[in-house]
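J.: You'll find work01.tsv just under this line, and it carries TSV, C-alpha atoms.
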```
chain	number	residue	atom	x	y	z
A	203	MET	CA	4.07	25.29	-5.28
A	204	PHE	CA	0.97	23.57	-3.89
A	205	GLU	CA	1.43	20.00	-2.74
A	206	LEU	CA	-1.59	17.79	-2.23
A	207	PRO	CA	-1.36	16.08	1.19
A	208	VAL	CA	-0.43	12.41	1.00
A	209	GLY	CA	-3.46	11.52	3.10
A	210	VAL	CA	-5.75	13.14	0.55
A	211	VAL	CA	-4.20	11.14	-2.31
A	212	LEU	CA	-4.64	7.92	-0.33
A	213	ALA	CA	-8.24	8.85	0.37
A	214	PHE	CA	-8.90	9.36	-3.36
A	215	LEU	CA	-7.61	5.84	-4.04
A	216	ALA	CA	-9.66	4.45	-1.16
A	217	TYR	CA	-12.91	5.96	-2.37
A	218	ALA	CA	-12.26	4.79	-5.94
A	219	SER	CA	-11.99	1.24	-4.60
A	220	PHE	CA	-15.19	1.71	-2.62
A	221	SER	CA	-17.04	2.99	-5.70
A	222	VAL	CA	-16.25	-0.09	-7.76
A	223	ALA	CA	-17.27	-2.29	-4.83
A	224	ASP	CA	-20.53	-0.33	-4.47
A	225	ALA	CA	-21.40	-0.91	-8.11
A	226	LEU	CA	-20.86	-4.63	-7.61
A	227	ILE	CA	-23.08	-4.55	-4.51
A	228	LYS	CA	-25.89	-2.98	-6.51
A	229	THR	CA	-25.68	-5.74	-9.11
A	230	THR	CA	-25.79	-8.44	-6.42
A	231	GLY	CA	-28.44	-6.87	-4.20
A	232	PRO	CA	-31.64	-8.22	-5.79
A	233	ALA	CA	-30.55	-11.85	-5.40
A	234	LEU	CA	-29.06	-11.83	-1.89
A	235	SER	CA	-30.04	-10.17	1.38
A	236	VAL	CA	-28.15	-7.16	2.69
A	237	PHE	CA	-26.83	-9.16	5.64
A	238	GLU	CA	-25.61	-12.03	3.47
A	239	ILE	CA	-23.76	-9.61	1.20
A	240	ALA	CA	-22.25	-7.92	4.25
A	241	PHE	CA	-21.20	-11.25	5.78
A	242	PHE	CA	-19.31	-12.52	2.74
A	243	THR	CA	-17.81	-9.21	1.65
A	244	THR	CA	-16.65	-8.30	5.15
A	245	THR	CA	-15.12	-11.74	5.64
A	246	PHE	CA	-13.27	-11.49	2.33
A	247	SER	CA	-12.15	-7.94	3.12
A	248	ILE	CA	-9.71	-9.25	5.73
A	249	ILE	CA	-7.51	-10.77	3.00
A	250	PRO	CA	-5.64	-7.52	2.11
A	251	ALA	CA	-4.95	-6.91	5.79
A	252	MET	CA	-3.59	-10.44	6.21
A	253	LEU	CA	-1.24	-9.95	3.27
A	254	THR	CA	0.06	-6.60	4.51
A	255	LYS	CA	0.00	-6.89	8.29
A	256	ARG	CA	3.71	-6.02	8.61
A	257	GLY	CA	4.56	-8.26	11.54
A	258	GLU	CA	1.53	-7.46	13.68
A	259	ARG	CA	0.19	-10.50	15.50
A	260	TRP	CA	-3.51	-11.35	15.33
A	261	ARG	CA	-3.47	-12.45	18.96
A	262	ASP	CA	-2.70	-8.83	19.86
A	263	MET	CA	-5.99	-7.72	18.33
A	264	TYR	CA	-7.57	-7.11	21.73
A	265	LYS	CA	-4.63	-5.14	23.15
A	266	LEU	CA	-6.27	-1.74	22.91
A	267	GLU	CA	-5.41	1.72	24.16
A	268	HIS	CA	-9.01	2.94	23.81
A	269	PRO	CA	-11.20	-0.18	24.02
A	270	TRP	CA	-14.54	1.61	24.35
A	271	LEU	CA	-13.86	3.82	21.35
A	272	VAL	CA	-12.60	0.94	19.21
A	273	HIS	CA	-15.66	-1.17	20.03
A	274	LEU	CA	-17.95	1.80	19.41
A	275	ARG	CA	-16.30	2.34	16.03
A	276	CYS	CA	-17.00	-1.29	15.16
A	277	LEU	CA	-20.66	-0.85	16.08
A	278	THR	CA	-21.11	2.35	14.09
A	279	ALA	CA	-19.20	0.95	11.10
A	280	ILE	CA	-21.29	-2.24	10.98
A	281	SER	CA	-24.55	-0.33	11.33
A	282	GLY	CA	-23.52	2.26	8.77
A	283	THR	CA	-22.47	-0.43	6.29
A	284	ALA	CA	-25.86	-2.12	6.60
A	285	CYS	CA	-27.60	1.20	5.94
A	286	VAL	CA	-25.50	1.88	2.85
A	287	MET	CA	-26.01	-1.60	1.41
A	288	TYR	CA	-29.76	-1.30	1.94
A	289	ALA	CA	-29.75	2.04	0.15
A	290	PHE	CA	-27.74	0.73	-2.80
A	291	THR	CA	-30.26	-2.05	-3.35
A	292	HIS	CA	-33.35	0.19	-3.04
A	293	ILE	CA	-32.64	3.63	-4.54
A	294	GLN	CA	-30.63	5.05	-7.43
A	295	PHE	CA	-26.85	4.80	-7.37
A	296	ALA	CA	-26.18	8.54	-7.60
A	297	GLU	CA	-28.75	9.33	-4.92
A	298	VAL	CA	-26.99	7.07	-2.44
A	299	TYR	CA	-23.79	9.02	-2.93
A	300	ALA	CA	-25.57	12.37	-2.89
A	301	ILE	CA	-27.08	11.67	0.53
A	302	GLY	CA	-23.82	10.15	1.70
A	303	PHE	CA	-22.10	13.42	0.90
A	304	THR	CA	-23.72	15.01	3.91
A	305	THR	CA	-21.16	13.02	5.93
A	306	PRO	CA	-18.44	15.73	5.75
A	307	LEU	CA	-20.80	18.20	7.37
A	308	PHE	CA	-21.37	15.84	10.30
A	309	VAL	CA	-17.64	15.01	10.44
A	310	THR	CA	-16.76	18.69	10.62
A	311	LEU	CA	-19.25	19.27	13.41
A	312	LEU	CA	-17.85	16.33	15.37
A	313	SER	CA	-14.26	17.38	14.65
A	314	VAL	CA	-14.93	20.77	16.18
A	315	LEU	CA	-16.97	19.54	19.14
A	316	LEU	CA	-14.93	16.47	20.08
A	317	LEU	CA	-11.46	16.72	18.53
A	318	ARG	CA	-11.24	20.51	18.93
A	319	GLU	CA	-9.98	20.90	15.37
A	320	HIS	CA	-10.10	24.44	14.04
A	321	VAL	CA	-12.22	24.91	10.92
A	322	ALA	CA	-11.89	28.16	8.98
A	323	LEU	CA	-15.00	30.15	8.09
A	324	HIS	CA	-14.56	29.66	4.34
A	325	ARG	CA	-14.62	25.90	4.83
A	326	TRP	CA	-17.92	26.10	6.71
A	327	VAL	CA	-19.29	28.09	3.76
A	328	LEU	CA	-18.06	25.48	1.28
A	329	LEU	CA	-19.61	22.66	3.29
A	330	PHE	CA	-22.94	24.50	3.35
A	331	ILE	CA	-22.74	24.98	-0.43
A	332	SER	CA	-22.06	21.25	-0.78
A	333	PHE	CA	-25.17	20.53	1.26
A	334	LEU	CA	-27.22	22.75	-1.05
A	335	GLY	CA	-25.87	20.72	-3.97
A	336	VAL	CA	-27.12	17.54	-2.31
A	337	VAL	CA	-30.55	19.14	-1.91
A	338	LEU	CA	-30.61	19.85	-5.65
A	339	VAL	CA	-29.91	16.19	-6.37
A	340	ILE	CA	-32.59	14.61	-4.17
A	341	ARG	CA	-35.04	17.58	-4.07
A	342	PRO	CA	-37.03	16.72	-0.94
A	343	GLY	CA	-40.58	18.07	-1.04
A	344	MET	CA	-40.70	17.95	-4.83
A	345	ARG	CA	-41.10	14.18	-4.91
A	346	ALA	CA	-41.81	11.30	-2.56
A	347	LEU	CA	-38.77	10.05	-0.69
A	348	GLU	CA	-38.41	6.31	-0.15
A	349	THR	CA	-37.28	4.40	2.93
A	350	GLY	CA	-33.87	4.00	1.33
A	351	HIS	CA	-33.32	7.76	1.41
A	352	PHE	CA	-33.89	7.96	5.16
A	353	VAL	CA	-31.82	4.84	5.82
A	354	MET	CA	-28.96	6.36	3.85
A	355	MET	CA	-29.16	9.56	5.90
A	356	ALA	CA	-28.75	7.45	9.03
A	357	GLY	CA	-25.79	5.80	7.34
A	358	ALA	CA	-24.22	9.21	6.71
A	359	VAL	CA	-24.44	10.11	10.39
A	360	LEU	CA	-22.99	6.75	11.42
A	361	GLY	CA	-20.21	7.17	8.87
A	362	ALA	CA	-19.31	10.54	10.36
A	363	ILE	CA	-19.09	9.06	13.84
A	364	THR	CA	-16.93	6.21	12.54
A	365	THR	CA	-14.57	8.60	10.75
A	366	THR	CA	-14.19	10.87	13.77
A	367	ILE	CA	-13.45	7.98	16.12
A	368	LEU	CA	-10.93	6.58	13.65
A	369	ARG	CA	-9.18	9.94	13.53
A	370	HIS	CA	-8.69	9.78	17.29
A	371	VAL	CA	-7.65	6.14	17.71
A	372	ALA	CA	-5.70	5.45	14.49
A	373	PRO	CA	-2.37	6.94	15.68
A	374	LYS	CA	-2.42	4.83	18.86
A	375	GLU	CA	-4.05	1.52	17.99
A	376	ARG	CA	-2.64	-1.43	16.05
A	377	ARG	CA	-3.91	-1.78	12.52
A	378	VAL	CA	-4.71	-5.43	13.25
A	379	SER	CA	-7.08	-4.18	15.95
A	380	LEU	CA	-8.78	-1.56	13.81
A	381	VAL	CA	-9.31	-3.96	10.91
A	382	GLY	CA	-9.59	-7.32	12.64
A	383	LEU	CA	-12.14	-6.42	15.29
A	384	GLN	CA	-14.46	-4.77	12.81
A	385	VAL	CA	-14.33	-7.80	10.52
A	386	LEU	CA	-14.84	-10.21	13.42
A	387	TYR	CA	-17.83	-8.36	14.85
A	388	SER	CA	-19.34	-7.82	11.42
A	389	ALA	CA	-19.05	-11.51	10.56
A	390	ILE	CA	-20.78	-12.53	13.79
A	391	VAL	CA	-23.61	-10.00	13.57
A	392	ASN	CA	-24.33	-10.54	9.88
A	393	ALA	CA	-24.07	-14.34	10.17
A	394	VAL	CA	-26.92	-14.29	12.65
A	395	LEU	CA	-29.06	-11.77	10.76
A	396	MET	CA	-28.68	-13.45	7.36
A	397	LEU	CA	-29.98	-16.86	8.48
A	398	PRO	CA	-33.74	-16.25	7.94
A	399	ASP	CA	-33.29	-15.35	4.25
A	400	PHE	CA	-30.06	-17.19	3.47
A	401	VAL	CA	-29.50	-18.25	-0.15
A	402	VAL	CA	-26.50	-20.33	-1.21
A	403	PRO	CA	-24.57	-18.07	-3.63
A	404	THR	CA	-23.68	-19.36	-7.07
A	405	PRO	CA	-19.99	-19.53	-8.09
A	406	ALA	CA	-20.44	-16.32	-10.10
A	407	GLN	CA	-22.04	-14.54	-7.14
A	408	LEU	CA	-19.30	-15.80	-4.85
A	409	GLY	CA	-16.70	-14.37	-7.23
A	410	VAL	CA	-18.42	-10.99	-7.18
A	411	LEU	CA	-18.62	-11.08	-3.38
A	412	LEU	CA	-14.90	-11.87	-3.25
A	413	GLY	CA	-14.16	-8.89	-5.50
A	414	ILE	CA	-16.29	-6.61	-3.32
A	415	GLY	CA	-14.47	-7.80	-0.22
A	416	LEU	CA	-11.00	-7.33	-1.69
A	417	LEU	CA	-11.80	-3.84	-2.95
A	418	GLY	CA	-13.39	-2.88	0.34
A	419	GLY	CA	-10.48	-4.25	2.35
A	420	MET	CA	-7.92	-2.43	0.24
A	421	GLY	CA	-9.90	0.80	0.44
A	422	GLY	CA	-10.22	0.45	4.20
A	423	LEU	CA	-6.46	0.07	4.65
A	424	LEU	CA	-5.84	3.11	2.46
A	425	LEU	CA	-8.35	5.14	4.47
A	426	ILE	CA	-6.78	4.13	7.78
A	427	GLN	CA	-3.38	5.22	6.49
A	428	ALA	CA	-4.87	8.49	5.25
A	429	SER	CA	-6.40	9.12	8.68
A	430	ARG	CA	-2.99	8.74	10.30
A	431	GLN	CA	-1.58	11.60	8.22
A	432	THR	CA	-4.42	14.04	7.60
A	433	PRO	CA	-7.19	15.56	9.78
A	434	ALA	CA	-10.65	14.03	9.52
A	435	ASN	CA	-12.27	17.18	8.17
A	436	LEU	CA	-9.80	17.20	5.25
A	437	ILE	CA	-10.23	13.54	4.37
A	438	ALA	CA	-14.03	13.58	4.38
A	439	PRO	CA	-14.54	15.94	1.38
A	440	VAL	CA	-12.48	13.62	-0.83
A	441	GLN	CA	-15.40	11.23	-1.06
A	442	TYR	CA	-17.05	13.74	-3.41
A	443	SER	CA	-14.97	12.14	-6.16
A	444	GLN	CA	-17.37	9.22	-5.97
A	445	LEU	CA	-20.00	11.30	-7.76
A	446	ILE	CA	-18.01	10.89	-10.95
A	447	TRP	CA	-18.10	7.13	-10.54
A	448	ALA	CA	-21.80	7.27	-9.64
A	449	ILE	CA	-22.71	9.00	-12.90
A	450	LEU	CA	-20.46	6.74	-14.96
A	451	PHE	CA	-21.55	3.43	-13.42
A	452	GLY	CA	-25.19	4.49	-13.22
A	453	ALA	CA	-25.31	5.26	-16.93
A	454	LEU	CA	-23.25	2.29	-18.11
A	455	PHE	CA	-24.67	-0.49	-15.97
A	456	PHE	CA	-27.97	0.58	-14.37
A	457	ASN	CA	-29.61	2.78	-17.00
A	458	GLU	CA	-29.74	5.69	-14.55
A	459	TYR	CA	-29.39	9.15	-16.06
A	460	PRO	CA	-29.61	12.20	-13.76
A	461	ASP	CA	-31.48	15.22	-15.10
A	462	TRP	CA	-29.84	18.61	-15.56
A	463	ILE	CA	-30.84	19.87	-12.11
A	464	ALA	CA	-29.22	16.83	-10.48
A	465	ILE	CA	-26.10	17.28	-12.61
A	466	VAL	CA	-25.85	20.93	-11.52
A	467	GLY	CA	-26.21	19.79	-7.91
A	468	MET	CA	-23.45	17.22	-8.34
A	469	LEU	CA	-21.14	19.79	-9.90
A	470	VAL	CA	-21.79	22.10	-6.96
A	471	VAL	CA	-20.98	19.29	-4.54
A	472	VAL	CA	-17.77	18.32	-6.34
A	473	GLY	CA	-16.60	21.91	-6.79
A	474	ALA	CA	-17.20	22.89	-3.18
A	475	GLY	CA	-15.67	19.67	-1.90
A	476	LEU	CA	-12.49	20.07	-3.91
A	477	LEU	CA	-12.13	23.72	-2.94
A	478	ASN	CA	-12.50	22.65	0.66
A	479	VAL	CA	-9.34	20.57	0.26
A	480	LEU	CA	-7.33	22.79	-2.06
A	481	THR	CA	-7.79	26.01	-0.08
A	482	GLU	CA	-6.47	24.46	3.13
A	483	ARG	CA	-2.98	25.82	3.70
A	484	PRO	CA	-1.49	24.99	7.11
A	485	ARG	CA	-2.16	21.48	8.26
A	486	ILE	CA	-4.69	21.39	11.07
A	487	ARG	CA	-3.13	20.15	14.28
A	488	TRP	CA	-5.14	17.68	16.27
A	489	LYS	CA	-4.86	17.90	20.05
A	490	PRO	CA	-5.76	14.55	21.62
A	491	ARG	CA	-5.28	15.78	25.17
A	492	ILE	CA	-8.52	17.76	25.02
A	493	PHE	CA	-10.62	14.94	23.58
A	494	PHE	CA	-13.34	13.69	25.90
A	495	PHE	CA	-15.75	10.81	25.47
A	496	ARG	CA	-18.33	9.67	27.98
A	497	ILE	CA	-20.18	6.41	27.65
A	498	GLY	CA	-23.92	6.77	28.10
A	499	GLN	CA	-23.89	10.56	28.46
```
Using structure tokens, write down the structure that the file contains.

T.:
Amino acid sequence: MFELPVGVVLAFLAYASFSVADALIKTTGPALSVFEIAFFTTTFSIIPAMLTKRGERWRDMYKLEHPWLVHLRCLTAISGTACVMYAFTHIQFAEVYAIGFTTPLFVTLLSVLLLREHVALHRWVLLFISFLGVVLVIRPGMRALETGHFVMMAGAVLGAITTTILRHVAPKERRVSLVGLQVLYSAIVNAVLMLPDFVVPTPAQLGVLLGIGLLGGMGGLLLIQASRQTPANLIAPVQYSQLIWAILFGALFFNEYPDWIAIVGMLVVVGAGLLNVLTERPRIRWKPRIFFFRIGQ
């Protein structure tokens, strides 16, 4: 009898939380700058970690086994988050996800090159099919692409780097380090960048920002736990489930209705992504001893 890996189930829950938070970001975007949204939501996202830290001390946040990798992950995560938030506030909801779903392809490439994870041929084929589905959704060359599309592509690459680094450091680093440092650095960077266009949020906006932060924090903790138990190139395809939320939220709240070609593309992406998970039999073993990372090379 087939048993879905626990890490995959946790990843499904994580991406569901992210999807609700993303919808809230899109509703808030026109009134507040990307950096202001990121500042408040990232600051609030630390609350779930504080309530579930399980005895870890915040003063141990800087006790790191892989300091360069942890700091690099913070940088790529902050940059990727800014790209995604910009995209949500400038292009259609479903298109953001569609472009974001190129992330598993980049994760798989990095998993093979850096983590030396073995990827079966059929999974490469499924990832390529998923990419073709993304092309059907956005159809480059058949219409003008906006800045948000290119920014989101950069966000997908940054997300892949973040996921791959997390896969390497999660088993060895404290959760308080993985969560706390990212929140700290994000708060500092976004606090500076939001100043030129800062707007005092209304109580209603502050409540929405709090909800985004809590959902994001909870999803982040679930994703970290998933990364501890399941290889990166198995977790990544789970984010395809967000397409369901994209269609639902886009239609209900943003009056966005994909045409039949886009729907076919989304079905291709979801089908290939799920097959990528369900056809994996033996768990891929990750070998940290052959991982190499060189700063500046």

J.: I'd like a table as CSV: residues in region 282-322 of chain A with an atom no more than 8 Å from region 334-354 of chain A, each row giving the shortest atom pair and its distance in Å to one decimal, only C-alpha atoms counted, sorted by chain and rising residue number.

T.:
```
residue,atom,partner,partner_atom,distance
A:Cys285,CA,A:Val353,CA,5.6
A:Val286,CA,A:Met354,CA,5.7
A:Tyr288,CA,A:Gly350,CA,6.7
A:Ala289,CA,A:Gly350,CA,4.7
A:His292,CA,A:Gly350,CA,5.8
A:Ile293,CA,A:Gly350,CA,6.0
A:Glu297,CA,A:Ile340,CA,6.6
A:Val298,CA,A:Met354,CA,6.6
A:Ala300,CA,A:Val336,CA,5.4
A:Ile301,CA,A:Val336,CA,6.5
A:Gly302,CA,A:Met354,CA,6.7
A:Phe303,CA,A:Val336,CA,7.2
A:Thr304,CA,A:Val336,CA,7.5
```

J.: Which distance in Å separates CA of Pro250 (chain A) and CA of Ile449 (chain A), to one decimal?

T.: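 Taking CA of Pro250 (chain A) as the start and CA of Ile449 (chain A) as the end point, the length is 28.1 Å.
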
J.: For Leu234 (chain A), which of A:Glu267, A:Asp399, A:Glu319, A:Glu375 is the closest residue, counting only C-alpha atoms?

T.: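 Looking at the shortest contact to Leu234 (chain A), the residue is A:Asp399.
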
J.: May I ask for the distance between CA of Arg369 (chain A) and CA of Arg430 (chain A), given in Å to one decimal place?

T.: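 Interatomic distance here is 7.1 Å.
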
J.: Figure out the distance between CA of Leu477 (chain A) and CA of Gly419 (chain A), please, to one decimal in Å.

T.: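 Taking CA of Gly419 (chain A) as the start and CA of Leu477 (chain A) as the end point, the length is 28.5 Å.
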
J.: I'd like the neighbourhood of Val222 (chain A) as a list of chain:residue names, where a residue qualifies if any of its atoms comes within 10 Å (using all atoms listed in the file), though same-chain residues fewer than 4 positions away should be ignored.

T.: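 Selected residues are A:Tyr217, A:Ala218, A:Leu226, A:Ile227, A:Gly413, A:Ile414, A:Leu417, A:Gly418, A:Gln444, A:Trp447, A:Ala448, A:Phe451.
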
J.: Which one of A:His370, A:Ser281, A:Leu380, A:Gly357 sits closest to Gln431 (chain A) if you count all atoms listed in the file?

T.: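 Ranked by minimum distance to Gln431 (chain A), first place goes to A:His370.
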
J.: Find, counting all atoms listed in the file, the residue in A:Ala406, A:Val309, A:Ile363, A:Ala296 that gets nearest to Asn457 (chain A).

T.: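 Ranked by minimum distance to Asn457 (chain A), first place goes to A:Ala296.
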
J.: Give as a list in words the set of residues within 10 Å of the point (-27.4, -6.8, 6.2), where distances use the file's coordinates and all atoms listed in the file.

T.: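 Residues satisfying the cut-off, written out: Leu234, Ser235, Val236, Phe237, Glu238, Ile239, Ala240, Phe241, Ile280, Ser281, Thr283, Ala284, Cys285, Val286, Met287, Tyr288, Ser388, Val391, Asn392, Ala393, Val394, Leu395 and Met396 of chain A.
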
J.: What lies within 9 Å of Leu266 (chain A) using all atoms listed in the file, ignoring chain neighbours under 3 positions off, as a ChimeraX atom specification?

T.: /A:262-263,269,272,374-376,379

J.: Counting all atoms listed in the file, figure out which residue out of A:Ala216, A:Ile437, A:Leu408, A:Leu416 gets nearest to Ser313 (chain A).

T.: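 The closest residue to Ser313 (chain A) is A:Ile437.
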
J.: Find, counting only C-alpha atoms, the residue in A:Pro207, A:Gly361, A:Gly473, A:Gly382 that gets nearest to Ser443 (chain A).

T.: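 Among the listed residues, the smallest separation from Ser443 (chain A) belongs to A:Gly473.
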
J.: Which is closest to Ser219 (chain A) among A:Ala453, A:Met420, A:Ile426, A:Leu316, if we use only C-alpha atoms?

T.: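 Ranking A:Ala453, A:Met420, A:Ile426, A:Leu316 by distance to Ser219 (chain A), first place goes to A:Met420.
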
J.: Neighbours of Ala474 (chain A) within 8 Å (all atoms listed in the file; same-chain residues fewer than 6 positions away dropped), as a ChimeraX atom specification?

T.: /A:328-329,331-332

J.: Would you export the selected residues with C-alpha atoms as an mmCIF file, in the frame of the given file, please?

T.:
```cif
data_model
loop_
_atom_site.group_PDB
_atom_site.id
_atom_site.type_symbol
_atom_site.label_atom_id
_atom_site.label_comp_id
_atom_site.auth_asym_id
_atom_site.auth_seq_id
_atom_site.Cartn_x
_atom_site.Cartn_y
_atom_site.Cartn_z
ATOM 1 C CA LEU A 328 -18.060 25.480 1.280
ATOM 2 C CA LEU A 329 -19.610 22.660 3.290
ATOM 3 C CA ILE A 331 -22.740 24.980 -0.430
ATOM 4 C CA SER A 332 -22.060 21.250 -0.780
#
```

J.: Counting all atoms listed in the file, note down every residue that has an atom within 9 Å of the point (-9.9, -10.7, 14.2) (file coordinates), as JSON, numbers by chain.

T.: {"A": [248, 260, 261, 263, 264, 378, 379, 381, 382, 383, 384, 385, 386, 387]}

J.: Around all the atoms of region 357-367 of chain A listed in the file, draw an axis-aligned box and extend it by 4 Å on each of the six sides; I want its centre and edge lengths in Å to one decimal, as lines of an AutoDock Vina configuration file.

T.:
```
center_x = -19.6
center_y = 8.3
center_z = 11.4
size_x = 20.3
size_y = 13.1
size_z = 17.4
```
